[in-house]
Structure formats: structure tokens, C-alpha cells
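What follows is a single structure, written as C-alpha cells, with notes after it.
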Amino acid sequence: MSFDELGLSDKVLQAVGAAGYSQPTPIQTQAIPHVLARRDVLGIAQTGTGKTAAFTLPMLTMLETGRARARMPRTLILEPTRELAAQVEENFVRYGVNHKLSVALLIGGVSFGDQDVKITRGVDVLIATPGRLLDHFERGKLLLTGVELLVIDEADRMLDMGFIPDIERIVKLTPFTRQTLFFSATMPPEIQRLSEKFLSNPVKVEVARPASAAQTITQRLVSTGSDPAAKRETLRGLIRDAVDLQNAIIFCNRKRDVAVLHRSLQRHKFNAVALHGDMDQRARMLALESFRTGEATILVASDVAARGLDIPMVSHVFNYDVPHHAEDYVHRIGRTGRAGRSGAAFTLVAPGDERSLSAIEKLIGNAVVWSGPTTAEAGHAPARPSRERGPRRGGGRGEAEEAPSRSRRGGRRESAGEARAAEPQAVRAPAPEREPAEPRREPKREPQREPQREPRREPRREPQRDAERTARPARGRARREEEQLDTPSFGDHIPAFLLRPVVIKSKK
Ligand code: AMP
């Protein structure tokens, strides 16, 4: 099928032609005619499938009639992270070259002022992260009663990040008569429930992640000691020995490790930038831009910050840590080997990572090949408690002791030379039915919302909001965990100064 047959306007078709797309992707073929027919759509698709254009192209066509009113956006797109929101905005710029539409981006980390001015003038498309959108709403600067079309993108990611109560609240602020497009890579029960609640008689469109991309990725495991210094040394060796390394993303499980590793790589003269949730928005955008343009060759990132980003040509992915959630492994390595190009993904495996590793191998349906000795064969000492390591979530060290080691399960091995010569190994993307039966209620790593917020100067919290906050155990837990990560503990030892008697002088 060609783009001409989907019902898109001439202006949009011209922009698509200018973008160089010859054919719509499966999600575009399936979704666009329904969006144009004003149907609600439930799209099960990951990034990389062309899903952004599946909603931006018909939206542009529909927005050619009508005009925006002050403070009342006509359409609203919710994204879990600032980077994804910015990426969607770029899509509107690219495909909307022939339109005179007003697009506003409401994301944290940038000043309210410019955003206020835009909203007050009236916008056709509002792209927002949930926290910042509610902040504007509570400041009385925004009305959502004029929203004709609502897009909830990356819904499963919103769930991971504890945004669902915000999303539910935002949806209540939009008119009942709106058209809703709901996209999620997976459909755990909680997301299923939300889709039923938000969508009215939806058309369901589902596409698998393109298998060709994953089949071009060579995956290898590399054993390493648990000590951070040892891990960094192993990683540096891998980067130096990597064949045809054009650029690389290095994933860490914790954002604090992203910062530490980034500094260390810079000290060792690697051209590296970092991306994690504690950085301010400008620094995040600059880092991403310099990686995209090739100015920086290495991007050290956390999962949340890097999820869903469209960086087309990445030759290598290094997992500095084995991800605790198996799906994250598939997302991470999917950053390379895109659009039929070849790519390589190396994962550092330390003693204690066995359980996370076997979960990954179960998910992808095959054992990943070792480059060099397995962790058990290498005889690396188990990790010592260190100030540099935060508490592990899920798959902790104690649990790992119970897990069978790779070598006992007879994992395949190869030498470093063989690894280079090896054929790419196929990996299957997580099919929806492979998802865990229960939704992941623990929000992972970086709850985006808190760092996005600016200091509140106005008494803004209504009782309803406070009640809502107390009804968010997931987010509260995430925040506590984040706090714990950065709070040094004394363990059983009580420092002497805490035992000294304290004399309190009375004020007489
Ligand atoms: P997305 O899944 O929206 O993140 O899109 C992934 C990438 O596919 C982006 O770089 C898009 O520019 C690109 N893309 C979207 N639609 C098409 C198409 N019909 N043909 C080729 N590339 C496309």
C-alpha cells in the first residue's frame, strides 16, 4: 500500500515525500485510515515501528480545518519523558512544514514563561509530560475542555514511571467526546484496564517489532569482577577492542553510575556524554544532540532517559550492568542493528548477575554466547559492599546465590577472536504474551516527574491532589528508594560523635 491510499491531505503527502519515505510502515497502514475516520485506536507497537508518524500524519491532516483558541489546545499528546516529547515535536516540525500550526511542548526542566505565552495564544498541538501539564493546569493557565483528540503514548512506560494516577486525572479533564489514541509496547493487565477505561469501541492495531533489526545484532556476554573499578576497566578494554565501532551507548542500571562512569571515561580520554534523569533539560538536550551529530562517540545512559529515543545509527551497545528487567535488555540492544544495519551488544556479567541473566535468556528464547570465560570460570570474587554501589532492586546478591551459574547450565563460550568473526545472533522481541502476568507496580529507577518540577512558589496543592498523592504508593516507594540510593548508611556501626551526651542550654 502507498501513502496516497491512506486518506492523508496533499500537504502531508508532500512532507512525507520530502522525508524520503516510500511506503507506510505496517502500523501506519493499519492506524492512519482509522484515525482519519475519527475512531479510537489501541496501538500495540514499540518505538522503531514508525508509530509516531502513525498519529502525527493523520493529526496534521485533521488539524487543517478549524483553529486554536486561547488556552484551549485542540489536541494533546502525553509522553512519559521529555526526550520523547521533544522527539514528537520534531515529527510535527518535519511533517508539518507545509502547515501553519502552532505546536507547544510542555516539559519539565525549562521555564514556565515561554510555555505560558504559547498556551495563552492558543495551540493546535500540545505535547506534554504529565507532571508539567498538571502544573500548568493548576496554575490556571490551561483548559483541556477543548481537546478534540488525545494521544497517550508509551502507556506501559507511564505505568513503570508511576504516572498512571496523573494520566487518569488528565483524561478526566478532557471532554468525553474526544477521540483517543492509546499506544503501548506491551499490554500488562493494568494497561489493559486503562485502555478499556479511556477508549470507546477502539480499533486494535498490533505490530511486532521488526525482526530484521534484531537479527542483525551480535550479542556477547563478558565476565567481569563486581568491583566498579574492575567493571570500568573491563568496559574500557571492550571499547578499545571493538571492531568497527562508530559510536556506542553504554547502559547503566543506576543514574548515579551513569555520572560516575561518564566522568571516568572522560578521564580516560573517551569522547563521552551522559544522559540521566538528574541532569537539567538543557544538559540532556545538548548531550543527545552531540551524540546524534557524531560529535560525541559514546553516550552513557540510564534506561528511562534513553528509552524510545530514535537514534538511527548506533554501532555498539554496552550493558555496563545486566538489566534487572529482562525487557530492558531487549530495548537496550534494540538501540543498535536498526534498519537492517549490523550492530553489536556486549553485556558485562559480574558474579551475582546470574538470575537477571537467566531471565533475559528465558525472555529472548536462547542463551547468549560468552566472549571469553564465563563468570564462574573466570573465578571473579563476589561483590563486596561498596559505597559506590546502590542497593540492588530485584535480583539481589542473596537471590543470585540460589540461581544456577551459567557454566553449570552449560552456556556456550567463544574466544574474543571468534566473537568478532561470529555471525549475528537473532534475538526475539518480547511478544505480548511473554509479558509478566502481573504489571510491574514498582516504578523503576528514575521517576521523571519529581526532577522536572520547578520550585513551587504558589500554594498550589488542592486537597484533591494531596489525596491523590497519598493514593500513590508506587511513586512514594520509588522516591524513597531514590533517596536511599544517595544516603550513605553506617550499618551496625554507630559513630562516636552520635554517642556523645548532648547538653541543651535553657534560654534564661
Ligand atoms: P518511531 O517508531 O516513530 O520512533 O519511528 C522510527 C523511525 O522510523 C523514525 O526515524 C522515523 O523517521 C522512521 N519512519 C517513520 N515512518 C517511516 C516510513 N514510512 N518509512 C521509513 N521510515 C519511517
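Labels used: A, B, ... for chains in the order of the C-alpha cells, numbers from 1 for residues in each chain, and numbers from 1 for ligands as shown.
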6 Å from ligand 1 is the threshold here; counting only C-alpha atoms and all ligand atoms, which polymer residues fall inside it? Answer as a PDB file with C-alpha atoms, in the first residue's frame.
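The result, written out as result-v5.pdb:
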ATOM      1  CA  TYR A  21       9.503   7.647   2.879  1.00  0.00           C
ATOM      2  CA  GLN A  23       5.925   3.247   1.834  1.00  0.00           C
ATOM      3  CA  PRO A  24       3.960   3.399   5.058  1.00  0.00           C
ATOM      4  CA  THR A  25       5.058   1.028   7.802  1.00  0.00           C
ATOM      5  CA  THR A  47       9.288   2.640  19.000  1.00  0.00           C
ATOM      6  CA  GLY A  48      11.116   1.940  15.776  1.00  0.00           C
ATOM      7  CA  THR A  49       7.926   0.791  14.050  1.00  0.00           C
ATOM      8  CA  GLY A  50       7.024   4.262  12.763  1.00  0.00           C
ATOM      9  CA  LYS A  51       4.261   4.699  15.328  1.00  0.00           C
ATOM     10  CA  THR A  52       4.899   8.425  15.854  1.00  0.00           C
ATOM     11  CA  ALA A  53       4.077   9.173  12.232  1.00  0.00           C
ATOM     12  CA  ASP A 310      15.270   7.490  17.933  1.00  0.00           C
TER      13      ASP A 310
END
Taking 4 positions as the minimum chain separation for residues in the same chain, which residues sit within 10 Å of Thr61 of chain A when counting only C-alpha atoms? Answer as a count of residues only.
13
Hey, which of A:Glu5, A:Asp116, A:Asp241, A:Asp353 ends up closest to Val322 of chain A? Count only C-alpha atoms.
A:Asp353
Output as a PyMOL selection string all residues of segment 146-295 of chain A that backbone DSSP marks as alpha helix (DSSP H).
chain A and resi 155-160+164-173+189-198+211-215+228-241+255-267+281-293
Near-Leu149 of chain A list (7 Å; only C-alpha atoms; drop same-chain fewer than 6 positions) as a list of chain:residue names
A:Thr75, A:Leu76, A:Arg178, A:Gln179, A:Thr180
Dump as a compact mmCIF listing (two decimals), in the first residue's frame, selection limited to all heavy atoms:
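Just written: out-v2.txt:
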# COMPACT_ATOMS: atom_id res chain seq x y z
N THR A 75 -5.52 19.54 20.43
CA THR A 75 -5.10 18.14 20.58
C THR A 75 -4.03 18.06 21.67
O THR A 75 -3.32 19.03 21.92
CB THR A 75 -4.52 17.57 19.26
OG1 THR A 75 -3.37 18.35 18.92
CG2 THR A 75 -5.52 17.60 18.13
N LEU A 76 -3.94 16.90 22.29
CA LEU A 76 -2.98 16.73 23.39
C LEU A 76 -2.27 15.39 23.24
O LEU A 76 -2.91 14.36 23.03
CB LEU A 76 -3.74 16.77 24.73
CG LEU A 76 -2.96 16.40 25.99
CD1 LEU A 76 -1.82 17.37 26.24
CD2 LEU A 76 -3.90 16.38 27.21
N ARG A 178 -14.07 13.32 23.13
CA ARG A 178 -12.78 13.36 22.41
C ARG A 178 -12.52 12.03 21.68
O ARG A 178 -13.10 10.99 22.03
CB ARG A 178 -11.63 13.59 23.41
CG ARG A 178 -11.53 12.44 24.34
CD ARG A 178 -10.38 12.33 25.25
NE ARG A 178 -10.41 10.96 25.74
CZ ARG A 178 -11.07 10.55 26.81
NH1 ARG A 178 -11.75 11.40 27.55
NH2 ARG A 178 -11.07 9.27 27.14
N GLN A 179 -11.60 12.08 20.73
CA GLN A 179 -11.08 10.86 20.10
C GLN A 179 -9.79 10.49 20.84
O GLN A 179 -9.00 11.39 21.19
CB GLN A 179 -10.77 11.16 18.63
CG GLN A 179 -10.22 9.97 17.86
CD GLN A 179 -9.85 10.34 16.42
OE1 GLN A 179 -9.90 11.54 16.04
NE2 GLN A 179 -9.48 9.36 15.63
N THR A 180 -9.59 9.22 21.12
CA THR A 180 -8.40 8.83 21.89
C THR A 180 -7.56 7.80 21.14
O THR A 180 -8.10 6.80 20.64
CB THR A 180 -8.82 8.25 23.26
OG1 THR A 180 -9.72 9.16 23.88
CG2 THR A 180 -7.63 8.03 24.18
Nearest-residue call for Arg254 of chain A, choices A:Val147, A:Val300, A:Leu288, A:Ala45, using only C-alpha atoms
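Checking each of A:Val147, A:Val300, A:Leu288, A:Ala45 against Arg254 of chain A, counting only C-alpha atoms, the winner is A:Val300.
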Shortest interatomic distance to Ala37 of chain A - which of A:Asp321, A:Asp135, A:Val203, A:Ala104, counting only C-alpha atoms
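Among A:Asp321, A:Asp135, A:Val203, A:Ala104, it is A:Val203 that comes nearest to Ala37 of chain A.
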Would you work out the distance separating atom CA of Leu126 of chain A from atom CA of Leu106 of chain A, expressed in Å to one decimal?
7.3 Å
Using only C-alpha atoms, determine which residues lie at most 6 Å from segment 224-233 of chain A, disregarding the query and same-chain residues fewer than 2 positions distant; provide the list as a PDB file with all heavy atoms, in the first residue's frame.
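Output below, filename out-v5.pdb:
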ATOM      1  N   LEU A 235      35.194  -2.674  30.728  1.00  0.00           N
ATOM      2  CA  LEU A 235      34.455  -1.919  29.716  1.00  0.00           C
ATOM      3  C   LEU A 235      35.410  -1.161  28.783  1.00  0.00           C
ATOM      4  O   LEU A 235      35.257  -1.205  27.558  1.00  0.00           O
ATOM      5  CB  LEU A 235      33.503  -0.940  30.402  1.00  0.00           C
ATOM      6  CG  LEU A 235      32.689  -0.060  29.465  1.00  0.00           C
ATOM      7  CD1 LEU A 235      31.644  -0.879  28.716  1.00  0.00           C
ATOM      8  CD2 LEU A 235      32.011   1.065  30.220  1.00  0.00           C
ATOM      9  N   ARG A 236      36.406  -0.521  29.378  1.00  0.00           N
ATOM     10  CA  ARG A 236      37.349   0.233  28.539  1.00  0.00           C
ATOM     11  C   ARG A 236      38.046  -0.690  27.548  1.00  0.00           C
ATOM     12  O   ARG A 236      38.215  -0.356  26.378  1.00  0.00           O
ATOM     13  CB  ARG A 236      38.403   0.946  29.413  1.00  0.00           C
ATOM     14  CG  ARG A 236      37.845   2.140  30.177  1.00  0.00           C
ATOM     15  CD  ARG A 236      38.980   2.999  30.706  1.00  0.00           C
ATOM     16  NE  ARG A 236      39.827   2.300  31.658  1.00  0.00           N
ATOM     17  CZ  ARG A 236      39.591   2.212  32.972  1.00  0.00           C
ATOM     18  NH1 ARG A 236      38.516   2.787  33.488  1.00  0.00           N
ATOM     19  NH2 ARG A 236      40.417   1.564  33.770  1.00  0.00           N
ATOM     20  N   VAL A 349      28.952  -9.176  32.756  1.00  0.00           N
ATOM     21  CA  VAL A 349      28.260 -10.030  33.726  1.00  0.00           C
ATOM     22  C   VAL A 349      29.186 -10.240  34.923  1.00  0.00           C
ATOM     23  O   VAL A 349      30.294 -10.764  34.786  1.00  0.00           O
ATOM     24  CB  VAL A 349      27.896 -11.398  33.106  1.00  0.00           C
ATOM     25  CG1 VAL A 349      27.088 -12.230  34.096  1.00  0.00           C
ATOM     26  CG2 VAL A 349      27.100 -11.203  31.816  1.00  0.00           C
ATOM     27  N   ALA A 350      28.724  -9.815  36.080  1.00  0.00           N
ATOM     28  CA  ALA A 350      29.510  -9.952  37.311  1.00  0.00           C
ATOM     29  C   ALA A 350      28.904 -11.063  38.156  1.00  0.00           C
ATOM     30  O   ALA A 350      27.736 -11.434  37.954  1.00  0.00           O
ATOM     31  CB  ALA A 350      29.489  -8.628  38.069  1.00  0.00           C
ATOM     32  N   HIS A 380      35.810 -14.747  39.387  1.00  0.00           N
ATOM     33  CA  HIS A 380      35.738 -13.419  39.998  1.00  0.00           C
ATOM     34  C   HIS A 380      35.132 -13.516  41.386  1.00  0.00           C
ATOM     35  O   HIS A 380      34.180 -14.256  41.607  1.00  0.00           O
ATOM     36  CB  HIS A 380      34.867 -12.487  39.159  1.00  0.00           C
ATOM     37  CG  HIS A 380      35.491 -12.112  37.870  1.00  0.00           C
ATOM     38  ND1 HIS A 380      36.675 -11.434  37.795  1.00  0.00           N
ATOM     39  CD2 HIS A 380      35.094 -12.337  36.593  1.00  0.00           C
ATOM     40  CE1 HIS A 380      36.977 -11.244  36.524  1.00  0.00           C
ATOM     41  NE2 HIS A 380      36.038 -11.800  35.782  1.00  0.00           N
ATOM     42  N   ALA A 383      30.793  -9.698  44.905  1.00  0.00           N
ATOM     43  CA  ALA A 383      30.912  -8.277  45.220  1.00  0.00           C
ATOM     44  C   ALA A 383      31.055  -8.030  46.703  1.00  0.00           C
ATOM     45  O   ALA A 383      30.428  -8.688  47.507  1.00  0.00           O
ATOM     46  CB  ALA A 383      29.677  -7.551  44.717  1.00  0.00           C
TER      47      ALA A 383
END
Best match for closeness to Lys204 of chain A among A:Gly43, A:Pro58, A:Gly334, A:Gly372, counting only C-alpha atoms
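Selected residue with least distance to Lys204 of chain A: A:Gly43.
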Please produce, as CSV, a per-residue contact table for segment 18-100 of chain A versus segment 274-281 of chain A (criterion: any atom at most 12 Å away, only C-alpha atoms considered), showing the nearest atom pair and its distance in Å to one decimal, sorted by chain then residue number.
residue,atom,partner,partner_atom,distance
A:Thr81,CA,A:Gly277,CA,9.4
A:Arg82,CA,A:Gln281,CA,8.0
A:Glu83,CA,A:Gln281,CA,9.0
A:Ala86,CA,A:Gln281,CA,10.9
I need the residues from that last selection saved to file as a PDB file, in the first residue's frame (with N, CA and C atoms), if you can.
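What ended up in part20.pdb:
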ATOM      1  N   THR A  81       8.560  10.851  28.870  1.00  0.00           N
ATOM      2  CA  THR A  81       9.825  11.564  29.133  1.00  0.00           C
ATOM      3  C   THR A  81       9.934  12.803  28.260  1.00  0.00           C
ATOM      4  N   ARG A  82      10.789  13.696  28.726  1.00  0.00           N
ATOM      5  CA  ARG A  82      10.980  14.954  27.989  1.00  0.00           C
ATOM      6  C   ARG A  82      11.554  14.678  26.601  1.00  0.00           C
ATOM      7  N   GLU A  83      12.480  13.719  26.534  1.00  0.00           N
ATOM      8  CA  GLU A  83      13.116  13.458  25.243  1.00  0.00           C
ATOM      9  C   GLU A  83      12.105  12.933  24.234  1.00  0.00           C
ATOM     10  N   ALA A  86      10.036  15.746  23.077  1.00  0.00           N
ATOM     11  CA  ALA A  86      10.773  16.578  22.119  1.00  0.00           C
ATOM     12  C   ALA A  86      10.853  15.885  20.756  1.00  0.00           C
TER      13      ALA A  86
END
May I ask for the distance between atom CA of Arg307 of chain A and atom CA of Gln46 of chain A, given in Å to one decimal place?
10.5 Å
Segment 96-294 of chain A: which residues are strand (DSSP E) by DSSP, as a PDB file with N, CA, C and O atoms, in the first residue's frame?
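Result written to part.pdb:
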ATOM      1  N   VAL A 103       2.446  24.515  17.669  1.00  0.00           N
ATOM      2  CA  VAL A 103       2.755  23.328  18.475  1.00  0.00           C
ATOM      3  C   VAL A 103       3.478  23.779  19.744  1.00  0.00           C
ATOM      4  O   VAL A 103       4.431  24.550  19.666  1.00  0.00           O
ATOM      5  N   ALA A 104       3.041  23.322  20.902  1.00  0.00           N
ATOM      6  CA  ALA A 104       3.734  23.695  22.151  1.00  0.00           C
ATOM      7  C   ALA A 104       4.202  22.445  22.880  1.00  0.00           C
ATOM      8  O   ALA A 104       3.540  21.407  22.865  1.00  0.00           O
ATOM      9  N   LEU A 105       5.345  22.576  23.491  1.00  0.00           N
ATOM     10  CA  LEU A 105       5.946  21.468  24.228  1.00  0.00           C
ATOM     11  C   LEU A 105       5.961  21.843  25.705  1.00  0.00           C
ATOM     12  O   LEU A 105       6.563  22.848  26.079  1.00  0.00           O
ATOM     13  N   LEU A 106       5.264  21.078  26.521  1.00  0.00           N
ATOM     14  CA  LEU A 106       5.266  21.361  27.967  1.00  0.00           C
ATOM     15  C   LEU A 106       6.055  20.277  28.669  1.00  0.00           C
ATOM     16  O   LEU A 106       5.537  19.192  28.918  1.00  0.00           O
ATOM     17  N   VAL A 125      -1.513  21.821  18.747  1.00  0.00           N
ATOM     18  CA  VAL A 125      -0.981  20.569  19.286  1.00  0.00           C
ATOM     19  C   VAL A 125      -0.208  20.862  20.564  1.00  0.00           C
ATOM     20  O   VAL A 125       0.714  21.674  20.562  1.00  0.00           O
ATOM     21  N   LEU A 126      -0.599  20.195  21.622  1.00  0.00           N
ATOM     22  CA  LEU A 126       0.130  20.337  22.881  1.00  0.00           C
ATOM     23  C   LEU A 126       0.780  18.990  23.185  1.00  0.00           C
ATOM     24  O   LEU A 126       0.094  17.964  23.248  1.00  0.00           O
ATOM     25  N   ILE A 127       2.103  18.999  23.320  1.00  0.00           N
ATOM     26  CA  ILE A 127       2.821  17.757  23.625  1.00  0.00           C
ATOM     27  C   ILE A 127       3.382  17.929  25.030  1.00  0.00           C
ATOM     28  O   ILE A 127       4.067  18.926  25.301  1.00  0.00           O
ATOM     29  N   ALA A 128       3.084  17.003  25.924  1.00  0.00           N
ATOM     30  CA  ALA A 128       3.438  17.265  27.325  1.00  0.00           C
ATOM     31  C   ALA A 128       3.828  16.001  28.073  1.00  0.00           C
ATOM     32  O   ALA A 128       3.396  14.899  27.738  1.00  0.00           O
ATOM     33  N   LEU A 149      -8.708  15.587  20.299  1.00  0.00           N
ATOM     34  CA  LEU A 149      -8.003  14.307  20.123  1.00  0.00           C
ATOM     35  C   LEU A 149      -6.904  14.196  21.180  1.00  0.00           C
ATOM     36  O   LEU A 149      -6.144  15.139  21.391  1.00  0.00           O
ATOM     37  N   LEU A 150      -6.885  13.056  21.840  1.00  0.00           N
ATOM     38  CA  LEU A 150      -5.889  12.817  22.893  1.00  0.00           C
ATOM     39  C   LEU A 150      -5.036  11.609  22.501  1.00  0.00           C
ATOM     40  O   LEU A 150      -5.588  10.568  22.116  1.00  0.00           O
ATOM     41  N   VAL A 151      -3.719  11.756  22.588  1.00  0.00           N
ATOM     42  CA  VAL A 151      -2.828  10.613  22.340  1.00  0.00           C
ATOM     43  C   VAL A 151      -2.127  10.273  23.650  1.00  0.00           C
ATOM     44  O   VAL A 151      -1.502  11.143  24.272  1.00  0.00           O
ATOM     45  N   ILE A 152      -2.238   9.040  24.067  1.00  0.00           N
ATOM     46  CA  ILE A 152      -1.469   8.570  25.225  1.00  0.00           C
ATOM     47  C   ILE A 152      -0.423   7.617  24.651  1.00  0.00           C
ATOM     48  O   ILE A 152      -0.752   6.545  24.152  1.00  0.00           O
ATOM     49  N   GLN A 179     -11.596  12.080  20.732  1.00  0.00           N
ATOM     50  CA  GLN A 179     -11.079  10.857  20.096  1.00  0.00           C
ATOM     51  C   GLN A 179      -9.793  10.494  20.841  1.00  0.00           C
ATOM     52  O   GLN A 179      -9.003  11.392  21.188  1.00  0.00           O
ATOM     53  N   THR A 180      -9.590   9.219  21.115  1.00  0.00           N
ATOM     54  CA  THR A 180      -8.402   8.832  21.894  1.00  0.00           C
ATOM     55  C   THR A 180      -7.558   7.802  21.137  1.00  0.00           C
ATOM     56  O   THR A 180      -8.098   6.804  20.642  1.00  0.00           O
ATOM     57  N   LEU A 181      -6.268   8.053  21.099  1.00  0.00           N
ATOM     58  CA  LEU A 181      -5.329   7.079  20.524  1.00  0.00           C
ATOM     59  C   LEU A 181      -4.404   6.651  21.649  1.00  0.00           C
ATOM     60  O   LEU A 181      -3.820   7.495  22.338  1.00  0.00           O
ATOM     61  N   PHE A 182      -4.280   5.362  21.843  1.00  0.00           N
ATOM     62  CA  PHE A 182      -3.582   4.839  23.012  1.00  0.00           C
ATOM     63  C   PHE A 182      -2.512   3.867  22.508  1.00  0.00           C
ATOM     64  O   PHE A 182      -2.828   2.862  21.863  1.00  0.00           O
ATOM     65  N   PHE A 183      -1.243   4.180  22.772  1.00  0.00           N
ATOM     66  CA  PHE A 183      -0.159   3.318  22.283  1.00  0.00           C
ATOM     67  C   PHE A 183       0.626   2.726  23.439  1.00  0.00           C
ATOM     68  O   PHE A 183       0.947   3.423  24.410  1.00  0.00           O
ATOM     69  N   SER A 184       0.937   1.466  23.311  1.00  0.00           N
ATOM     70  CA  SER A 184       1.743   0.795  24.326  1.00  0.00           C
ATOM     71  C   SER A 184       2.524  -0.330  23.652  1.00  0.00           C
ATOM     72  O   SER A 184       2.021  -0.963  22.716  1.00  0.00           O
ATOM     73  N   VAL A 203     -10.418   0.538  17.603  1.00  0.00           N
ATOM     74  CA  VAL A 203      -9.866  -0.396  16.623  1.00  0.00           C
ATOM     75  C   VAL A 203      -8.511  -0.808  17.184  1.00  0.00           C
ATOM     76  O   VAL A 203      -7.725   0.045  17.599  1.00  0.00           O
ATOM     77  N   LYS A 204      -8.251  -2.109  17.208  1.00  0.00           N
ATOM     78  CA  LYS A 204      -6.975  -2.557  17.765  1.00  0.00           C
ATOM     79  C   LYS A 204      -5.993  -2.826  16.625  1.00  0.00           C
ATOM     80  O   LYS A 204      -6.306  -3.587  15.703  1.00  0.00           O
ATOM     81  N   VAL A 205      -4.855  -2.164  16.668  1.00  0.00           N
ATOM     82  CA  VAL A 205      -3.829  -2.457  15.661  1.00  0.00           C
ATOM     83  C   VAL A 205      -2.562  -2.889  16.393  1.00  0.00           C
ATOM     84  O   VAL A 205      -2.187  -2.298  17.399  1.00  0.00           O
ATOM     85  N   GLU A 206      -1.954  -3.924  15.879  1.00  0.00           N
ATOM     86  CA  GLU A 206      -0.827  -4.504  16.599  1.00  0.00           C
ATOM     87  C   GLU A 206       0.278  -4.849  15.623  1.00  0.00           C
ATOM     88  O   GLU A 206       0.024  -5.502  14.610  1.00  0.00           O
ATOM     89  N   ILE A 217      21.900  -8.122  15.152  1.00  0.00           N
ATOM     90  CA  ILE A 217      22.698  -7.760  16.334  1.00  0.00           C
ATOM     91  C   ILE A 217      23.523  -8.962  16.813  1.00  0.00           C
ATOM     92  O   ILE A 217      22.977 -10.034  17.075  1.00  0.00           O
ATOM     93  N   THR A 218      24.822  -8.766  16.950  1.00  0.00           N
ATOM     94  CA  THR A 218      25.680  -9.786  17.548  1.00  0.00           C
ATOM     95  C   THR A 218      25.709  -9.531  19.051  1.00  0.00           C
ATOM     96  O   THR A 218      26.076  -8.442  19.488  1.00  0.00           O
ATOM     97  N   GLN A 219      25.282 -10.527  19.806  1.00  0.00           N
ATOM     98  CA  GLN A 219      25.239 -10.337  21.267  1.00  0.00           C
ATOM     99  C   GLN A 219      26.321 -11.176  21.937  1.00  0.00           C
ATOM    100  O   GLN A 219      26.480 -12.350  21.598  1.00  0.00           O
ATOM    101  N   ARG A 220      26.996 -10.602  22.886  1.00  0.00           N
ATOM    102  CA  ARG A 220      28.009 -11.343  23.631  1.00  0.00           C
ATOM    103  C   ARG A 220      27.958 -10.984  25.112  1.00  0.00           C
ATOM    104  O   ARG A 220      27.626  -9.855  25.474  1.00  0.00           O
ATOM    105  N   LEU A 221      28.319 -11.983  25.939  1.00  0.00           N
ATOM    106  CA  LEU A 221      28.450 -11.756  27.375  1.00  0.00           C
ATOM    107  C   LEU A 221      29.936 -11.705  27.695  1.00  0.00           C
ATOM    108  O   LEU A 221      30.721 -12.461  27.123  1.00  0.00           O
ATOM    109  N   VAL A 222      30.295 -10.849  28.623  1.00  0.00           N
ATOM    110  CA  VAL A 222      31.705 -10.733  29.016  1.00  0.00           C
ATOM    111  C   VAL A 222      31.770 -10.747  30.531  1.00  0.00           C
ATOM    112  O   VAL A 222      31.105  -9.933  31.188  1.00  0.00           O
ATOM    113  N   SER A 223      32.539 -11.672  31.096  1.00  0.00           N
ATOM    114  CA  SER A 223      32.585 -11.745  32.556  1.00  0.00           C
ATOM    115  C   SER A 223      33.483 -10.640  33.107  1.00  0.00           C
ATOM    116  O   SER A 223      34.455 -10.216  32.467  1.00  0.00           O
ATOM    117  N   ALA A 248      28.658   4.385  20.400  1.00  0.00           N
ATOM    118  CA  ALA A 248      28.156   3.364  21.328  1.00  0.00           C
ATOM    119  C   ALA A 248      27.281   3.992  22.411  1.00  0.00           C
ATOM    120  O   ALA A 248      27.529   5.124  22.841  1.00  0.00           O
ATOM    121  N   ILE A 249      26.276   3.235  22.816  1.00  0.00           N
ATOM    122  CA  ILE A 249      25.519   3.629  24.009  1.00  0.00           C
ATOM    123  C   ILE A 249      25.888   2.640  25.110  1.00  0.00           C
ATOM    124  O   ILE A 249      25.880   1.423  24.894  1.00  0.00           O
ATOM    125  N   ILE A 250      26.224   3.184  26.266  1.00  0.00           N
ATOM    126  CA  ILE A 250      26.527   2.327  27.414  1.00  0.00           C
ATOM    127  C   ILE A 250      25.393   2.502  28.410  1.00  0.00           C
ATOM    128  O   ILE A 250      25.082   3.624  28.827  1.00  0.00           O
ATOM    129  N   PHE A 251      24.758   1.390  28.774  1.00  0.00           N
ATOM    130  CA  PHE A 251      23.635   1.463  29.707  1.00  0.00           C
ATOM    131  C   PHE A 251      24.071   1.069  31.112  1.00  0.00           C
ATOM    132  O   PHE A 251      24.747   0.060  31.302  1.00  0.00           O
ATOM    133  N   CYS A 252      23.644   1.869  32.082  1.00  0.00           N
ATOM    134  CA  CYS A 252      23.851   1.531  33.494  1.00  0.00           C
ATOM    135  C   CYS A 252      22.480   1.366  34.141  1.00  0.00           C
ATOM    136  O   CYS A 252      21.508   1.993  33.712  1.00  0.00           O
ATOM    137  N   ALA A 272      32.927  11.056  25.541  1.00  0.00           N
ATOM    138  CA  ALA A 272      31.649  10.547  26.063  1.00  0.00           C
ATOM    139  C   ALA A 272      30.762  11.667  26.606  1.00  0.00           C
ATOM    140  O   ALA A 272      31.248  12.668  27.133  1.00  0.00           O
ATOM    141  N   VAL A 273      29.466  11.467  26.446  1.00  0.00           N
ATOM    142  CA  VAL A 273      28.473  12.352  27.083  1.00  0.00           C
ATOM    143  C   VAL A 273      27.537  11.462  27.910  1.00  0.00           C
ATOM    144  O   VAL A 273      27.519  10.247  27.733  1.00  0.00           O
ATOM    145  N   ALA A 274      26.769  12.095  28.806  1.00  0.00           N
ATOM    146  CA  ALA A 274      25.890  11.307  29.684  1.00  0.00           C
ATOM    147  C   ALA A 274      24.451  11.759  29.545  1.00  0.00           C
ATOM    148  O   ALA A 274      24.173  12.897  29.163  1.00  0.00           O
ATOM    149  N   LEU A 275      23.529  10.843  29.861  1.00  0.00           N
ATOM    150  CA  LEU A 275      22.094  11.163  29.822  1.00  0.00           C
ATOM    151  C   LEU A 275      21.413  10.443  30.978  1.00  0.00           C
ATOM    152  O   LEU A 275      21.345   9.218  30.990  1.00  0.00           O
TER     153      LEU A 275
END
